[in-house]
Amino acid sequence: MKSAKLVGIRQFEIFDLPAPEIGKGEVLVAIKSAGICASDVHYYHHGRIGDQVCVFPQVLGHECAGVVVKAFNGSLFNEGDRVAVEPGLSCGSCEHCLCGRYNICPNVKFLGGPGIGGAFQEFLPLDERQLHVIPADMGFDEAALLEPLGVAYHAVCLSEVKPCDTIAVFGAGAVGQLTAAMAVVCGASEIFLLTRKIGVVFCEENVRV
Ligand SMILES: [Zn+2]
Ligand SMILES: [Zn+2]
């Protein structure tokens, strides 16, 4: 399989490797789409995000979707299942996991994070708990956007947007645009999407969901 590895700051190399084996509880997924997150861009430019330091060679990428090509005996998944991927594999036993806030698990293993292989390669072994079957009419690019959509959904829930609210979203990247779209779903009547480069980009009538 082809694997794009970050081998140094601003240096990608394509490697030809055997497809990975699956471990206990794992399913092999053929990656069909992977988004480039701002965190991937940070790793590319600086080799780190704060105290998260790349372990070169590092396979980046965590917003992804694909098709199951191999599953273990007794898995909930079958070959051919189309899946979206939850990039964080949380521990399941800390206080945050136990009260359902697994997104802030301090022991999380995050796809494409330091030392953990990410999605910029053709096949990826994943714990089946990280997979969600997607509808037949959902494309892989849309499915890869479900992770940033989850971030946007969480932000909108925390902000308690109500019908007729006017809101501002700072940042007009994928998460900013998805946050604006989620605010429309929640009934916000006027939305300002702000970016450092060109000021207000667009507002509610330009956001379609
Ligand atoms: Zn991301
Ligand atoms: Zn945990």
# chains A, B, ... in the order shown; residues from 1 in each chain; ligands from 1
call {"tool": "residues_near_ligand", "arguments": {"ligand": "ligand 2", "cutoff": "10 Å", "atoms": "only C-alpha atoms and all ligand atoms", "output": "ChimeraX atom specification"}}
result
/A:89-109
call {"tool": "residues_around", "arguments": {"residues": "Leu131 (chain A)", "least_positions_apart": "6", "cutoff": "6 Å", "atoms": "only C-alpha atoms", "output": "list in words"}}
result
Val83, Ala84 and Val85 of chain A
call {"tool": "closest_residue", "arguments": {"among": "A:Arg196, A:Arg129, A:His154, A:Lys70", "to": "Val27 (chain A)", "atoms": "only C-alpha atoms"}}
result
A:Lys70
call {"tool": "select_by_dssp", "arguments": {"residues": "chain A", "states": "strand (DSSP E)", "output": "VMD selection string"}}
result
chain A and resid 2 to 8 11 to 16 26 to 35 48 to 49 52 to 53 63 to 71 82 to 85 88 to 89 109 to 110 123 to 127 131 to 133 166 to 170 190 to 195 199 to 200
call {"tool": "write_last_selection", "arguments": {"atoms": "C-alpha atoms", "output": "compact mmCIF listing (two decimals), in the first residue's frame"}}
result
# COMPACT_ATOMS: atom_id res chain seq x y z
CA LYS A 2 1.01 3.62 -0.44
CA SER A 3 1.65 5.53 2.77
CA ALA A 4 2.39 9.27 2.92
CA LYS A 5 4.73 9.88 5.83
CA LEU A 6 5.93 13.17 7.21
CA VAL A 7 9.64 12.43 7.56
CA GLY A 8 10.70 15.90 8.71
CA GLN A 11 8.94 16.87 4.06
CA PHE A 12 6.54 14.18 2.94
CA GLU A 13 7.66 10.90 1.40
CA ILE A 14 5.50 8.22 -0.19
CA PHE A 15 6.36 4.71 0.98
CA ASP A 16 5.28 1.40 -0.54
CA GLU A 26 -9.39 -4.45 15.03
CA VAL A 27 -10.84 -4.08 11.56
CA LEU A 28 -8.86 -3.16 8.43
CA VAL A 29 -10.28 -0.16 6.60
CA ALA A 30 -9.38 0.94 3.06
CA ILE A 31 -9.27 4.72 3.36
CA LYS A 32 -11.30 6.41 0.61
CA SER A 33 -11.23 10.00 1.79
CA ALA A 34 -9.19 11.92 4.36
CA GLY A 35 -9.46 15.61 5.20
CA ARG A 48 4.58 19.87 16.67
CA ILE A 49 1.54 21.50 18.24
CA GLN A 52 2.43 17.30 20.94
CA VAL A 53 5.62 16.53 19.05
CA GLU A 63 -10.71 12.98 9.40
CA CYS A 64 -11.44 9.95 7.29
CA ALA A 65 -13.86 7.40 5.89
CA GLY A 66 -13.51 4.17 3.97
CA VAL A 67 -14.54 0.57 3.41
CA VAL A 68 -13.97 -2.42 5.69
CA VAL A 69 -11.74 -4.94 3.91
CA LYS A 70 -11.02 -7.33 6.77
CA ALA A 71 -12.74 -7.96 10.08
CA ARG A 82 -18.80 1.75 4.36
CA VAL A 83 -17.68 3.53 7.49
CA ALA A 84 -16.87 6.91 9.01
CA VAL A 85 -14.08 6.95 11.58
CA GLY A 88 -10.08 9.23 19.16
CA LEU A 89 -9.75 5.86 20.87
CA LYS A 109 -5.03 7.65 21.42
CA PHE A 110 -5.72 10.04 18.58
CA PHE A 123 -5.20 0.87 4.64
CA LEU A 124 -5.58 1.47 8.34
CA PRO A 125 -6.23 -1.02 11.16
CA LEU A 126 -8.78 0.46 13.55
CA ASP A 127 -10.49 -0.65 16.71
CA LEU A 131 -16.25 2.88 13.25
CA HIS A 132 -19.73 4.01 12.28
CA VAL A 133 -21.58 2.60 9.25
CA THR A 166 -27.47 36.66 15.89
CA ILE A 167 -24.15 34.90 16.12
CA ALA A 168 -20.54 35.40 15.10
CA VAL A 169 -18.23 32.53 14.22
CA PHE A 170 -14.54 33.35 14.39
CA GLU A 190 -28.10 36.23 11.33
CA ILE A 191 -24.65 34.72 11.19
CA PHE A 192 -21.35 36.52 10.77
CA LEU A 193 -18.48 34.31 9.75
CA LEU A 194 -15.22 36.11 10.38
CA THR A 195 -11.77 35.45 9.01
CA GLY A 199 -13.22 40.19 7.36
CA VAL A 200 -16.83 39.01 7.21
call {"tool": "residues_near_ligand", "arguments": {"ligand": "ligand 1", "cutoff": "10 Å", "atoms": "only C-alpha atoms and all ligand atoms", "output": "PyMOL selection string"}}
result
chain A and resi 35-40+61-64+87+111-112+145+147-149+151+174-175
call {"tool": "write_last_selection", "arguments": {"atoms": "all heavy atoms", "output": "short mmCIF file (atom, residue, chain, number, x, y, z; two decimals), in the first residue's frame"}}
result
data_model
loop_
_atom_site.label_atom_id
_atom_site.label_comp_id
_atom_site.auth_asym_id
_atom_site.auth_seq_id
_atom_site.Cartn_x
_atom_site.Cartn_y
_atom_site.Cartn_z
N GLY A 35 -9.56 14.15 5.19
CA GLY A 35 -9.46 15.61 5.20
C GLY A 35 -8.10 16.06 5.73
O GLY A 35 -7.39 15.29 6.39
N ILE A 36 -7.74 17.29 5.39
CA ILE A 36 -6.52 17.88 5.95
C ILE A 36 -6.95 18.90 6.99
O ILE A 36 -7.52 19.94 6.68
CB ILE A 36 -5.68 18.56 4.84
CG1 ILE A 36 -5.26 17.52 3.80
CG2 ILE A 36 -4.45 19.24 5.45
CD1 ILE A 36 -4.59 18.12 2.57
N CYS A 37 -6.70 18.57 8.24
CA CYS A 37 -7.09 19.43 9.36
C CYS A 37 -6.00 20.49 9.58
O CYS A 37 -4.85 20.29 9.20
CB CYS A 37 -7.21 18.55 10.61
SG CYS A 37 -7.69 19.44 12.09
N ALA A 38 -6.38 21.59 10.22
CA ALA A 38 -5.37 22.61 10.56
C ALA A 38 -4.27 22.00 11.43
O ALA A 38 -3.12 22.42 11.36
CB ALA A 38 -6.03 23.78 11.27
N SER A 39 -4.63 20.98 12.22
CA SER A 39 -3.59 20.34 13.06
C SER A 39 -2.57 19.62 12.18
O SER A 39 -1.37 19.64 12.47
CB SER A 39 -4.22 19.38 14.07
OG SER A 39 -4.88 18.33 13.40
N ASP A 40 -3.03 19.00 11.08
CA ASP A 40 -2.08 18.37 10.15
C ASP A 40 -1.15 19.43 9.55
O ASP A 40 0.05 19.19 9.37
CB ASP A 40 -2.83 17.67 9.00
CG ASP A 40 -3.73 16.54 9.50
OD1 ASP A 40 -3.27 15.76 10.34
OD2 ASP A 40 -4.89 16.46 9.04
N GLY A 61 -3.28 12.65 9.57
CA GLY A 61 -4.63 12.45 9.06
C GLY A 61 -5.54 11.77 10.06
O GLY A 61 -5.22 10.70 10.58
N HIS A 62 -6.66 12.42 10.35
CA HIS A 62 -7.61 11.81 11.31
C HIS A 62 -9.06 11.99 10.90
O HIS A 62 -9.95 11.44 11.52
CB HIS A 62 -7.39 12.37 12.71
CG HIS A 62 -7.54 13.86 12.78
ND1 HIS A 62 -6.48 14.70 12.62
CD2 HIS A 62 -8.62 14.63 12.96
CE1 HIS A 62 -6.90 15.95 12.71
NE2 HIS A 62 -8.21 15.94 12.90
N GLU A 63 -9.32 12.79 9.84
CA GLU A 63 -10.71 12.98 9.40
C GLU A 63 -10.90 12.07 8.19
O GLU A 63 -10.48 12.41 7.09
CB GLU A 63 -10.93 14.45 9.01
CG GLU A 63 -10.65 15.40 10.15
CD GLU A 63 -10.55 16.85 9.71
OE1 GLU A 63 -10.69 17.13 8.50
OE2 GLU A 63 -10.32 17.70 10.57
N CYS A 64 -11.48 10.90 8.40
CA CYS A 64 -11.44 9.95 7.29
C CYS A 64 -12.66 9.02 7.25
O CYS A 64 -13.43 8.92 8.21
CB CYS A 64 -10.17 9.12 7.38
SG CYS A 64 -9.98 8.22 8.91
N PRO A 87 -11.79 9.41 15.27
CA PRO A 87 -10.33 9.32 15.37
C PRO A 87 -9.78 9.09 16.77
O PRO A 87 -8.65 8.65 16.92
CB PRO A 87 -9.86 10.67 14.82
CG PRO A 87 -11.02 11.58 14.95
CD PRO A 87 -12.26 10.75 14.89
N LEU A 111 -5.80 9.33 16.31
CA LEU A 111 -5.27 8.98 14.99
C LEU A 111 -4.42 10.12 14.41
O LEU A 111 -4.85 11.28 14.41
CB LEU A 111 -6.49 8.80 14.08
CG LEU A 111 -6.51 7.66 13.09
CD1 LEU A 111 -6.32 6.34 13.78
CD2 LEU A 111 -7.82 7.69 12.32
N GLY A 112 -3.25 9.78 13.92
CA GLY A 112 -2.40 10.80 13.30
C GLY A 112 -1.72 11.69 14.31
O GLY A 112 -1.02 12.63 13.93
N LEU A 145 -16.04 14.35 6.66
CA LEU A 145 -16.32 15.63 7.33
C LEU A 145 -17.14 15.46 8.61
O LEU A 145 -17.41 16.43 9.31
CB LEU A 145 -17.09 16.57 6.37
CG LEU A 145 -16.23 17.29 5.33
CD1 LEU A 145 -17.12 17.95 4.27
CD2 LEU A 145 -15.35 18.35 6.00
N GLU A 147 -16.29 14.16 11.40
CA GLU A 147 -15.50 14.48 12.61
C GLU A 147 -15.48 16.00 12.86
O GLU A 147 -15.85 16.45 13.93
CB GLU A 147 -14.10 13.87 12.51
CG GLU A 147 -13.33 13.94 13.83
CD GLU A 147 -12.46 15.16 13.99
OE1 GLU A 147 -12.24 15.87 12.99
OE2 GLU A 147 -11.99 15.43 15.10
N PRO A 148 -15.08 16.82 11.86
CA PRO A 148 -15.18 18.27 12.11
C PRO A 148 -16.63 18.72 12.34
O PRO A 148 -16.87 19.67 13.10
CB PRO A 148 -14.57 18.92 10.86
CG PRO A 148 -14.37 17.83 9.86
CD PRO A 148 -14.37 16.54 10.59
N LEU A 149 -17.59 18.03 11.72
CA LEU A 149 -19.00 18.38 11.99
C LEU A 149 -19.33 18.13 13.47
O LEU A 149 -20.05 18.90 14.09
CB LEU A 149 -19.95 17.58 11.09
CG LEU A 149 -21.43 17.90 11.28
CD1 LEU A 149 -21.76 19.31 10.81
CD2 LEU A 149 -22.31 16.89 10.52
N VAL A 151 -17.28 18.45 15.92
CA VAL A 151 -16.69 19.57 16.66
C VAL A 151 -17.64 20.77 16.60
O VAL A 151 -17.93 21.43 17.60
CB VAL A 151 -15.31 19.95 16.06
CG1 VAL A 151 -14.75 21.20 16.72
CG2 VAL A 151 -14.33 18.79 16.18
N ALA A 174 -12.97 24.83 7.71
CA ALA A 174 -14.02 23.80 7.67
C ALA A 174 -14.87 23.81 8.93
O ALA A 174 -16.11 23.81 8.86
CB ALA A 174 -13.38 22.42 7.47
N VAL A 175 -14.22 23.88 10.10
CA VAL A 175 -15.00 23.84 11.35
C VAL A 175 -15.85 25.11 11.49
O VAL A 175 -17.01 25.05 11.90
CB VAL A 175 -14.07 23.65 12.57
CG1 VAL A 175 -14.84 23.81 13.87
CG2 VAL A 175 -13.42 22.26 12.53
#
call {"tool": "atom_distance", "arguments": {"atom1": "CA of Gly118 (chain A)", "atom2": "CA of Pro57 (chain A)"}}
result
11.3 Å
